[in-house]
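Pasted below: final-v8.cif, mmCIF, C-alpha atoms and all ligand atoms.
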data_entry
#
loop_
_atom_site.label_atom_id
_atom_site.label_comp_id
_atom_site.auth_asym_id
_atom_site.auth_seq_id
_atom_site.Cartn_x
_atom_site.Cartn_y
_atom_site.Cartn_z
CA MET A 157 24.42 -3.02 28.42
CA VAL A 158 23.19 -5.58 25.93
CA SER A 159 24.80 -8.99 25.90
CA ASP A 160 25.86 -10.79 22.78
CA ALA A 161 23.02 -13.33 23.11
CA LEU A 162 20.49 -10.52 23.46
CA THR A 163 21.84 -8.71 20.42
CA LYS A 164 21.46 -11.90 18.42
CA MET A 165 17.94 -12.43 19.73
CA LEU A 166 17.04 -8.86 18.78
CA ILE A 167 18.26 -9.50 15.26
CA LEU A 168 16.29 -12.76 15.08
CA GLN A 169 13.23 -10.97 16.41
CA ASP A 170 13.60 -8.30 13.75
CA ARG A 171 13.76 -11.00 11.04
CA ASP A 172 10.81 -12.86 12.59
CA MET A 173 8.70 -9.72 12.58
CA LYS A 174 9.57 -9.02 8.95
CA LEU A 175 8.70 -12.58 8.02
CA GLN A 176 5.42 -12.28 9.89
CA GLN A 177 4.60 -9.08 7.99
CA VAL A 178 5.24 -10.90 4.72
CA GLU A 179 3.12 -13.89 5.79
CA ASP A 180 0.27 -11.60 6.88
CA ALA A 181 0.39 -9.78 3.55
CA LEU A 182 0.32 -13.09 1.69
CA LYS A 183 -2.71 -14.13 3.70
CA ASN A 184 -4.54 -10.82 3.13
CA LEU A 185 -3.69 -10.15 -0.50
CA PRO A 186 -5.75 -13.04 -1.97
CA VAL A 187 -8.71 -11.97 0.19
CA GLU A 188 -8.37 -8.37 -1.03
CA GLN A 189 -8.21 -9.65 -4.61
CA ARG A 190 -11.34 -11.75 -4.13
CA ASP A 191 -13.17 -8.72 -2.69
CA CYS A 192 -12.05 -6.64 -5.65
CA GLN A 193 -13.18 -9.35 -8.09
CA ALA A 194 -16.55 -9.58 -6.33
CA ARG A 195 -17.04 -5.82 -6.67
CA ILE A 196 -16.24 -6.08 -10.40
CA GLU A 197 -18.83 -8.88 -10.79
CA THR A 198 -21.47 -6.78 -9.00
CA LEU A 199 -20.76 -3.81 -11.29
CA LYS A 200 -20.94 -6.03 -14.38
CA ALA A 201 -24.24 -7.46 -13.15
CA ALA A 202 -25.60 -3.91 -12.76
CA ILE A 203 -24.65 -3.15 -16.39
CA GLU A 204 -26.28 -6.38 -17.53
CA ALA A 205 -29.46 -5.59 -15.59
CA GLY A 206 -29.69 -2.23 -17.41
CA ARG A 207 -29.23 -3.92 -20.78
CA GLN A 208 -31.80 -6.55 -19.89
CA ARG A 209 -34.35 -3.84 -19.01
CA ILE A 210 -33.84 -2.28 -22.46
CA ARG A 211 -34.18 -5.66 -24.19
CA GLU A 212 -37.43 -6.29 -22.31
CA LEU A 213 -38.87 -2.94 -23.39
CA GLU A 214 -37.83 -3.58 -27.00
CA THR A 215 -39.53 -6.98 -26.92
CA LYS A 216 -42.65 -5.42 -25.40
CA GLY A 217 -42.69 -2.76 -28.15
CA LYS A 218 -42.36 -5.40 -30.86
CA SER A 219 -45.15 -7.52 -29.43
CA ILE A 220 -47.47 -4.49 -29.37
CA GLU A 221 -46.66 -3.83 -33.02
CA THR A 222 -47.34 -7.43 -33.94
CA GLU A 223 -50.67 -7.29 -32.13
CA MET A 224 -51.58 -4.04 -33.87
CA ALA A 225 -50.78 -5.53 -37.27
CA SER A 226 -52.98 -8.50 -36.55
CA VAL A 227 -55.90 -6.30 -35.44
CA GLU A 228 -55.48 -4.19 -38.59
CA THR A 229 -55.59 -7.33 -40.74
CA GLN A 230 -58.75 -8.29 -38.91
CA ILE A 231 -60.33 -4.90 -39.69
CA VAL A 232 -59.56 -5.34 -43.39
CA LYS A 233 -61.17 -8.76 -43.24
CA TYR A 234 -64.32 -7.34 -41.57
CA LYS A 235 -64.54 -4.62 -44.22
CA ASN A 236 -64.29 -7.18 -47.01
CA GLN A 237 -66.99 -9.25 -45.32
CA GLN A 238 -69.22 -6.16 -45.14
CA LEU A 239 -69.06 -5.91 -48.93
CA GLN A 240 -70.39 -9.43 -49.20
CA VAL A 241 -73.14 -9.61 -46.53
CA LYS A 242 -76.76 -9.16 -47.57
CA LYS A 243 -78.52 -8.69 -44.24
CA ASN A 244 -78.51 -5.42 -42.41
CA GLU A 245 -77.96 -7.09 -38.96
CA GLU A 246 -74.87 -8.83 -40.26
CA TYR A 247 -73.59 -5.54 -41.64
CA GLN A 248 -74.27 -3.84 -38.28
CA ALA A 249 -72.54 -6.65 -36.40
CA LEU A 250 -69.44 -6.21 -38.54
CA THR A 251 -69.52 -2.43 -38.03
CA HIS A 252 -69.56 -3.12 -34.31
CA GLU A 253 -66.57 -5.47 -34.66
CA ILE A 254 -64.70 -2.85 -36.69
CA GLU A 255 -65.36 -0.20 -34.05
CA THR A 256 -64.18 -2.51 -31.26
CA ALA A 257 -61.04 -3.33 -33.22
CA GLY A 258 -60.49 0.39 -33.85
CA ARG A 259 -60.60 1.07 -30.12
CA LYS A 260 -58.18 -1.79 -29.57
CA ILE A 261 -55.79 -0.20 -32.09
CA SER A 262 -56.05 3.12 -30.32
CA ASP A 263 -55.31 1.46 -26.94
CA LEU A 264 -52.33 -0.34 -28.43
CA GLU A 265 -51.04 2.90 -29.89
CA SER A 266 -51.08 4.61 -26.49
CA GLU A 267 -49.44 1.58 -24.96
CA GLU A 268 -46.76 1.65 -27.63
CA LEU A 269 -46.13 5.36 -27.05
CA GLU A 270 -45.64 4.68 -23.34
CA VAL A 271 -43.21 1.86 -24.06
CA LEU A 272 -41.29 3.98 -26.56
CA TYR A 273 -41.05 6.79 -24.04
CA GLU A 274 -39.88 4.38 -21.34
CA LEU A 275 -37.39 2.88 -23.76
CA ASP A 276 -36.04 6.28 -24.65
CA GLU A 277 -35.60 7.17 -20.98
CA ALA A 278 -34.06 3.79 -20.18
CA ARG A 279 -31.56 4.13 -23.04
CA LYS A 280 -30.52 7.61 -21.88
CA THR A 281 -30.23 6.60 -18.21
CA HIS A 282 -28.48 3.39 -19.11
CA ALA A 283 -25.93 5.15 -21.31
CA GLU A 284 -24.92 7.44 -18.42
CA GLU A 285 -25.11 4.69 -15.83
CA GLU A 286 -23.09 2.30 -17.96
CA LYS A 287 -20.39 4.92 -18.44
CA ARG A 288 -20.21 5.44 -14.69
CA LEU A 289 -20.16 1.69 -13.96
CA LEU A 290 -17.50 1.05 -16.61
CA GLY A 291 -15.37 3.76 -14.97
CA GLN A 292 -15.73 1.99 -11.63
CA ILE A 293 -14.88 -1.37 -13.18
CA GLU A 294 -11.75 0.14 -14.68
CA MET A 295 -10.72 1.49 -11.27
CA GLU A 296 -11.31 -1.89 -9.64
CA GLN A 297 -9.34 -3.63 -12.37
CA ARG A 298 -6.41 -1.30 -11.83
CA GLU A 299 -6.64 -2.01 -8.10
CA LEU A 300 -6.71 -5.73 -8.84
CA ALA A 301 -3.61 -5.46 -11.03
CA VAL A 302 -1.80 -3.59 -8.25
CA LEU A 303 -2.79 -6.30 -5.73
CA ARG A 304 -1.61 -9.09 -8.05
CA GLU A 305 1.71 -7.35 -8.63
CA LYS A 306 2.09 -6.83 -4.91
CA GLU A 307 1.40 -10.50 -4.25
CA GLU A 308 4.09 -11.52 -6.71
CA ARG A 309 6.54 -9.09 -5.14
CA VAL A 310 5.73 -10.23 -1.58
CA LYS A 311 6.09 -13.88 -2.64
CA GLY A 312 9.63 -13.00 -3.74
CA GLU A 313 10.20 -11.21 -0.43
CA ARG A 314 9.09 -14.26 1.52
CA ALA A 315 11.97 -16.37 0.24
CA ALA A 316 14.41 -13.61 1.18
CA ALA A 317 12.74 -13.16 4.59
CA VAL A 318 12.93 -16.90 5.30
CA SER A 319 16.64 -17.12 4.52
CA ALA A 320 17.37 -13.92 6.46
CA ARG A 321 15.58 -15.46 9.43
CA GLU A 322 17.50 -18.71 9.05
CA ALA A 323 20.81 -16.82 9.00
CA ALA A 324 19.90 -14.95 12.20
CA ASP A 325 18.67 -18.15 13.83
CA ALA A 326 21.96 -19.93 13.05
CA GLU A 327 23.80 -17.32 15.12
CA LEU A 328 22.01 -18.34 18.33
CA ASP A 329 23.35 -21.05 20.60
CA ASN A 330 20.93 -23.82 21.53
CA PRO A 331 19.92 -22.65 25.04
CA THR A 332 19.33 -19.09 23.79
CA ARG A 333 17.27 -20.38 20.86
CA SER A 334 15.20 -22.61 23.15
CA LYS A 335 14.49 -19.71 25.47
CA TYR A 336 13.57 -17.45 22.57
CA LEU A 337 11.20 -20.02 21.06
CA GLN A 338 9.68 -20.80 24.44
CA VAL A 339 8.91 -17.11 25.07
CA ALA A 340 7.73 -16.59 21.49
CA ARG A 341 5.12 -19.32 21.93
CA GLY A 342 1.78 -17.65 22.69
CA LEU A 343 3.10 -14.08 22.87
CA ALA A 344 2.73 -11.36 20.28
CA PHE A 345 5.88 -9.74 18.94
CA PRO A 346 7.96 -8.01 20.12
CA ILE A 347 9.01 -10.63 22.66
CA VAL A 348 12.45 -9.17 23.36
CA VAL A 349 11.79 -5.72 24.79
CA GLU A 350 13.66 -2.93 26.45
CA MET A 351 13.25 -2.37 30.15
CA SER A 352 13.42 1.27 31.10
CA ALA A 353 12.71 3.02 34.39
CA HIS A 354 11.93 -0.34 35.98
CA LYS A 355 9.19 -1.02 33.42
CA CYS A 356 8.79 -3.79 30.83
CA GLY A 357 8.58 -2.36 27.31
CA GLY A 358 6.06 -5.09 26.37
CA CYS A 359 3.38 -5.02 29.05
CA HIS A 360 4.50 -1.70 30.60
CA MET A 361 4.27 -3.14 34.12
CA ARG A 362 6.85 -2.42 36.79
CA VAL A 363 9.28 -5.28 37.31
CA SER A 364 10.72 -6.36 40.66
CA ASN A 365 14.01 -4.96 41.94
CA ALA A 366 15.66 -8.36 41.53
CA ILE A 367 14.65 -8.53 37.87
CA ASP A 368 15.69 -4.94 37.33
CA SER A 369 19.21 -5.64 38.57
CA ASP A 370 19.45 -8.96 36.68
CA VAL A 371 18.48 -7.20 33.44
CA ARG A 372 21.06 -4.49 34.04
CA ALA A 373 23.76 -7.03 34.77
CA ALA A 374 22.86 -8.82 31.50
CA ARG A 375 24.63 -12.01 32.58
CA GLU A 376 21.71 -14.24 31.75
CA ILE A 377 18.40 -14.11 29.91
CA THR A 378 15.86 -12.48 32.21
CA THR A 379 12.13 -12.33 31.60
CA CYS A 380 9.41 -9.96 32.77
CA ASP A 381 7.68 -11.35 35.87
CA ASN A 382 4.36 -10.16 34.50
CA CYS A 383 4.20 -11.02 30.78
CA GLY A 384 7.20 -13.31 30.36
CA ARG A 385 8.94 -11.27 27.64
CA ILE A 386 12.73 -11.22 27.49
CA LEU A 387 14.08 -7.96 28.85
CA TYR A 388 17.21 -5.98 28.06
CA SER A 389 18.54 -2.69 29.30
CA ALA A 390 20.07 -0.32 26.81
CA SER A 391 21.71 1.78 29.56
ZN ZN B 401 6.17 -7.54 30.62
#
Could you show the structure in this file as structure tokens?
Amino acid sequence: MVSDALTKMLILQDRDMKLQQVEDALKNLPVEQRDCQARIETLKAAIEAGRQRIRELETKGKSIETEMASVETQIVKYKNQQLQVKKNEEYQALTHEIETAGRKISDLESEELEVLYELDEARKTHAEEEKRLLGQIEMEQRELAVLREKEERVKGERAAAVSAREAADAELDNPTRSKYLQVARGLAFPIVVEMSAHKCGGCHMRVSNAIDSDVRAAREITTCDNCGRILYSAS
């Protein structure tokens, strides 16, 4: 049989465990949200890195074009000079310069082709990758919204859990409350457990015969001689 005090302690324990669940959730939810936010930042950084790579290739392409234009201007200048020089050596020297510049142009053209090819590939890859990353960000943002909603809901539940606990606590007389709190200190819930077949429902160890009969009699609060939890017998 279960005494009145034990019944009240079981109710208080139930409320305590609910409150603990709420407190644990409130501790974990901000951490989960921070993790979620960190994953979003990482995904955004990956998108930005892809965009940066494209910008770099575009800049490289432009600088090659600028260089080509300047070499071409130089060639025009050499050709104009050739029209003015009198000596054959000077003419030859300019021809040599024009040939060198021509090779430079041809090198720059191949370089530009490579960059354009790379740019094309990067744009294609980036478009697909960005789509995939944006999809992931959207998923994370939905998750984040769910976590925020849950936190708000649990915050509301905490107030209810606290007052439910207070109501259950008010039912206990002082000695019973002291005993309950004393046992609760340093032990994980549940701290009021059923004893069945001579065994404590908390630590699962066999209790002494004296404790077994005390628990059955249910005249006073009896604790497990191994773990210290409060025992009751449902039979
Ligand atoms: Zn025990």
Which distance in Å separates CA of Arg207 in chain A and CA of Arg279 in chain A, to one decimal?
->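 For CA of Arg207 in chain A relative to CA of Arg279 in chain A, the distance reads 8.7 Å.
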Protein and nucleic acid residues within 8 Å of ligand ZN 401 (chain B) (all atoms listed in the file) as a list of chain:residue names | A:Lys355, A:Cys356, A:Gly357, A:Gly358, A:Cys359, A:His360, A:Met361, A:Val363, A:Thr379, A:Cys380, A:Asp381, A:Asn382, A:Cys383, A:Gly384, A:Arg385
Could you tell me which of A:Ser334, A:Ser352, A:Gln176, A:Ser262 comes closest to Val318 in chain A if we count only C-alpha atoms?
-> A:Gln176
For each of A:Ala301, A:Ile167, A:Val158, A:Leu250, take the minimum atom-to-atom distance to Ala323 in chain A, counting all atoms listed in the file, then give the residue where this is smallest.
->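 Smallest separation from Ala323 in chain A among the options: A:Ile167.
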Could you please give me, as a list in words, the residues of protein, DNA or RNA lying at most 12 Å from (-67.6, -4.2, -39.4) in the coordinate frame of the file, considering all atoms listed in the file?
->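 Checking each residue against the 12 Å limit leaves Gln230, Ile231, Val232, Lys233, Tyr234, Lys235, Asn236, Gln237, Gln238, Leu239, Gln240, Val241, Asn244, Glu245, Glu246, Tyr247, Gln248, Ala249, Leu250, Thr251, His252, Glu253, Ile254, Glu255, Thr256, Ala257 and Gly258 of chain A.
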Identify, on the basis of all atoms listed in the file, every residue whose closest approach to Thr332 in chain A does not exceed 9 Å; exclude the query and any residue fewer than 5 positions from it along the same chain; express the result as a VMD selection string.
-> chain A and resid 161 to 162 165 337 377
From the list A:Ala278, A:Met295, A:Ile347, A:Leu300, which residue is nearest Ala205 in chain A when using all atoms listed in the file?
->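 So, comparing all the options, the nearest one is A:Ala278.
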For CA of Arg211 in chain A and CA of Glu274 in chain A, the interatomic separation in Å (one decimal) =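 Between CA of Arg211 in chain A and CA of Glu274 in chain A the gap works out to 11.9 Å.
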Pick from A:Lys243, A:Arg321, A:Lys216, A:Lys287 nearest to Leu272 in chain A, counting only C-alpha atoms = A:Lys216
One-decimal distance in Å that lies between CA of Leu328 in chain A and CA of Ala344 in chain A = 20.6 Å
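Considering all atoms listed in the file, the residue among A:Met173, A:Val227, A:Lys164, A:Gln189 positioned nearest to Glu305 in chain A is A:Gln189.
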Neighbours of Val310 in chain A within 9 Å (only C-alpha atoms; same-chain residues fewer than 5 positions away dropped), as a list of chain:residue names?
->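 Once the nearby chain positions are removed, what remains is A:Val178, A:Glu179, A:Ala181, A:Leu182, A:Glu305, A:Ala315.
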Compute the distance from (-52.9, 3.8, -31.2) to each atom, counting all atoms listed in the file, keep the residues with any atom at most 12 Å away, and return them as JSON, numbers by chain; use the coordinates of the file.
-> {"A": [220, 221, 223, 224, 225, 227, 228, 257, 258, 259, 260, 261, 262, 263, 264, 265, 266, 267, 268, 269, 270]}
Would you mind putting N, CA and C atoms back on range 190-207 of chain A and writing the result as a PDB file, in the coordinates of the input?
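Saved to result.pdb:
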ATOM      1  N   ARG A 190      -9.994 -11.156  -3.974  1.00  0.00           N
ATOM      2  CA  ARG A 190     -11.340 -11.750  -4.130  1.00  0.00           C
ATOM      3  C   ARG A 190     -12.413 -10.689  -3.933  1.00  0.00           C
ATOM      4  N   ASP A 191     -12.206  -9.803  -2.929  1.00  0.00           N
ATOM      5  CA  ASP A 191     -13.170  -8.720  -2.690  1.00  0.00           C
ATOM      6  C   ASP A 191     -13.275  -7.826  -3.917  1.00  0.00           C
ATOM      7  N   CYS A 192     -12.130  -7.510  -4.474  1.00  0.00           N
ATOM      8  CA  CYS A 192     -12.050  -6.640  -5.650  1.00  0.00           C
ATOM      9  C   CYS A 192     -12.806  -7.303  -6.815  1.00  0.00           C
ATOM     10  N   GLN A 193     -12.532  -8.584  -7.012  1.00  0.00           N
ATOM     11  CA  GLN A 193     -13.180  -9.350  -8.090  1.00  0.00           C
ATOM     12  C   GLN A 193     -14.694  -9.389  -7.880  1.00  0.00           C
ATOM     13  N   ALA A 194     -15.113  -9.534  -6.635  1.00  0.00           N
ATOM     14  CA  ALA A 194     -16.550  -9.580  -6.330  1.00  0.00           C
ATOM     15  C   ALA A 194     -17.206  -8.237  -6.656  1.00  0.00           C
ATOM     16  N   ARG A 195     -16.482  -7.146  -6.352  1.00  0.00           N
ATOM     17  CA  ARG A 195     -17.040  -5.820  -6.670  1.00  0.00           C
ATOM     18  C   ARG A 195     -17.168  -5.651  -8.183  1.00  0.00           C
ATOM     19  N   ILE A 196     -16.187  -6.154  -8.927  1.00  0.00           N
ATOM     20  CA  ILE A 196     -16.240  -6.080 -10.400  1.00  0.00           C
ATOM     21  C   ILE A 196     -17.460  -6.860 -10.913  1.00  0.00           C
ATOM     22  N   GLU A 197     -17.681  -8.054 -10.363  1.00  0.00           N
ATOM     23  CA  GLU A 197     -18.830  -8.880 -10.790  1.00  0.00           C
ATOM     24  C   GLU A 197     -20.150  -8.166 -10.522  1.00  0.00           C
ATOM     25  N   THR A 198     -20.247  -7.519  -9.352  1.00  0.00           N
ATOM     26  CA  THR A 198     -21.470  -6.780  -9.000  1.00  0.00           C
ATOM     27  C   THR A 198     -21.711  -5.646 -10.000  1.00  0.00           C
ATOM     28  N   LEU A 199     -20.636  -4.923 -10.346  1.00  0.00           N
ATOM     29  CA  LEU A 199     -20.760  -3.810 -11.290  1.00  0.00           C
ATOM     30  C   LEU A 199     -21.177  -4.323 -12.666  1.00  0.00           C
ATOM     31  N   LYS A 200     -20.588  -5.451 -13.079  1.00  0.00           N
ATOM     32  CA  LYS A 200     -20.940  -6.030 -14.380  1.00  0.00           C
ATOM     33  C   LYS A 200     -22.402  -6.464 -14.384  1.00  0.00           C
ATOM     34  N   ALA A 201     -22.847  -7.026 -13.254  1.00  0.00           N
ATOM     35  CA  ALA A 201     -24.240  -7.460 -13.150  1.00  0.00           C
ATOM     36  C   ALA A 201     -25.192  -6.267 -13.263  1.00  0.00           C
ATOM     37  N   ALA A 202     -24.773  -5.120 -12.687  1.00  0.00           N
ATOM     38  CA  ALA A 202     -25.600  -3.910 -12.760  1.00  0.00           C
ATOM     39  C   ALA A 202     -25.722  -3.448 -14.217  1.00  0.00           C
ATOM     40  N   ILE A 203     -24.625  -3.524 -14.962  1.00  0.00           N
ATOM     41  CA  ILE A 203     -24.650  -3.150 -16.390  1.00  0.00           C
ATOM     42  C   ILE A 203     -25.593  -4.094 -17.139  1.00  0.00           C
ATOM     43  N   GLU A 204     -25.461  -5.384 -16.855  1.00  0.00           N
ATOM     44  CA  GLU A 204     -26.280  -6.380 -17.530  1.00  0.00           C
ATOM     45  C   GLU A 204     -27.768  -6.182 -17.212  1.00  0.00           C
ATOM     46  N   ALA A 205     -28.063  -5.817 -15.973  1.00  0.00           N
ATOM     47  CA  ALA A 205     -29.460  -5.590 -15.590  1.00  0.00           C
ATOM     48  C   ALA A 205     -30.053  -4.430 -16.391  1.00  0.00           C
ATOM     49  N   GLY A 206     -29.258  -3.382 -16.608  1.00  0.00           N
ATOM     50  CA  GLY A 206     -29.690  -2.230 -17.410  1.00  0.00           C
ATOM     51  C   GLY A 206     -29.962  -2.650 -18.850  1.00  0.00           C
ATOM     52  N   ARG A 207     -29.063  -3.448 -19.391  1.00  0.00           N
ATOM     53  CA  ARG A 207     -29.230  -3.920 -20.780  1.00  0.00           C
ATOM     54  C   ARG A 207     -30.462  -4.803 -20.906  1.00  0.00           C
TER      55      ARG A 207
END
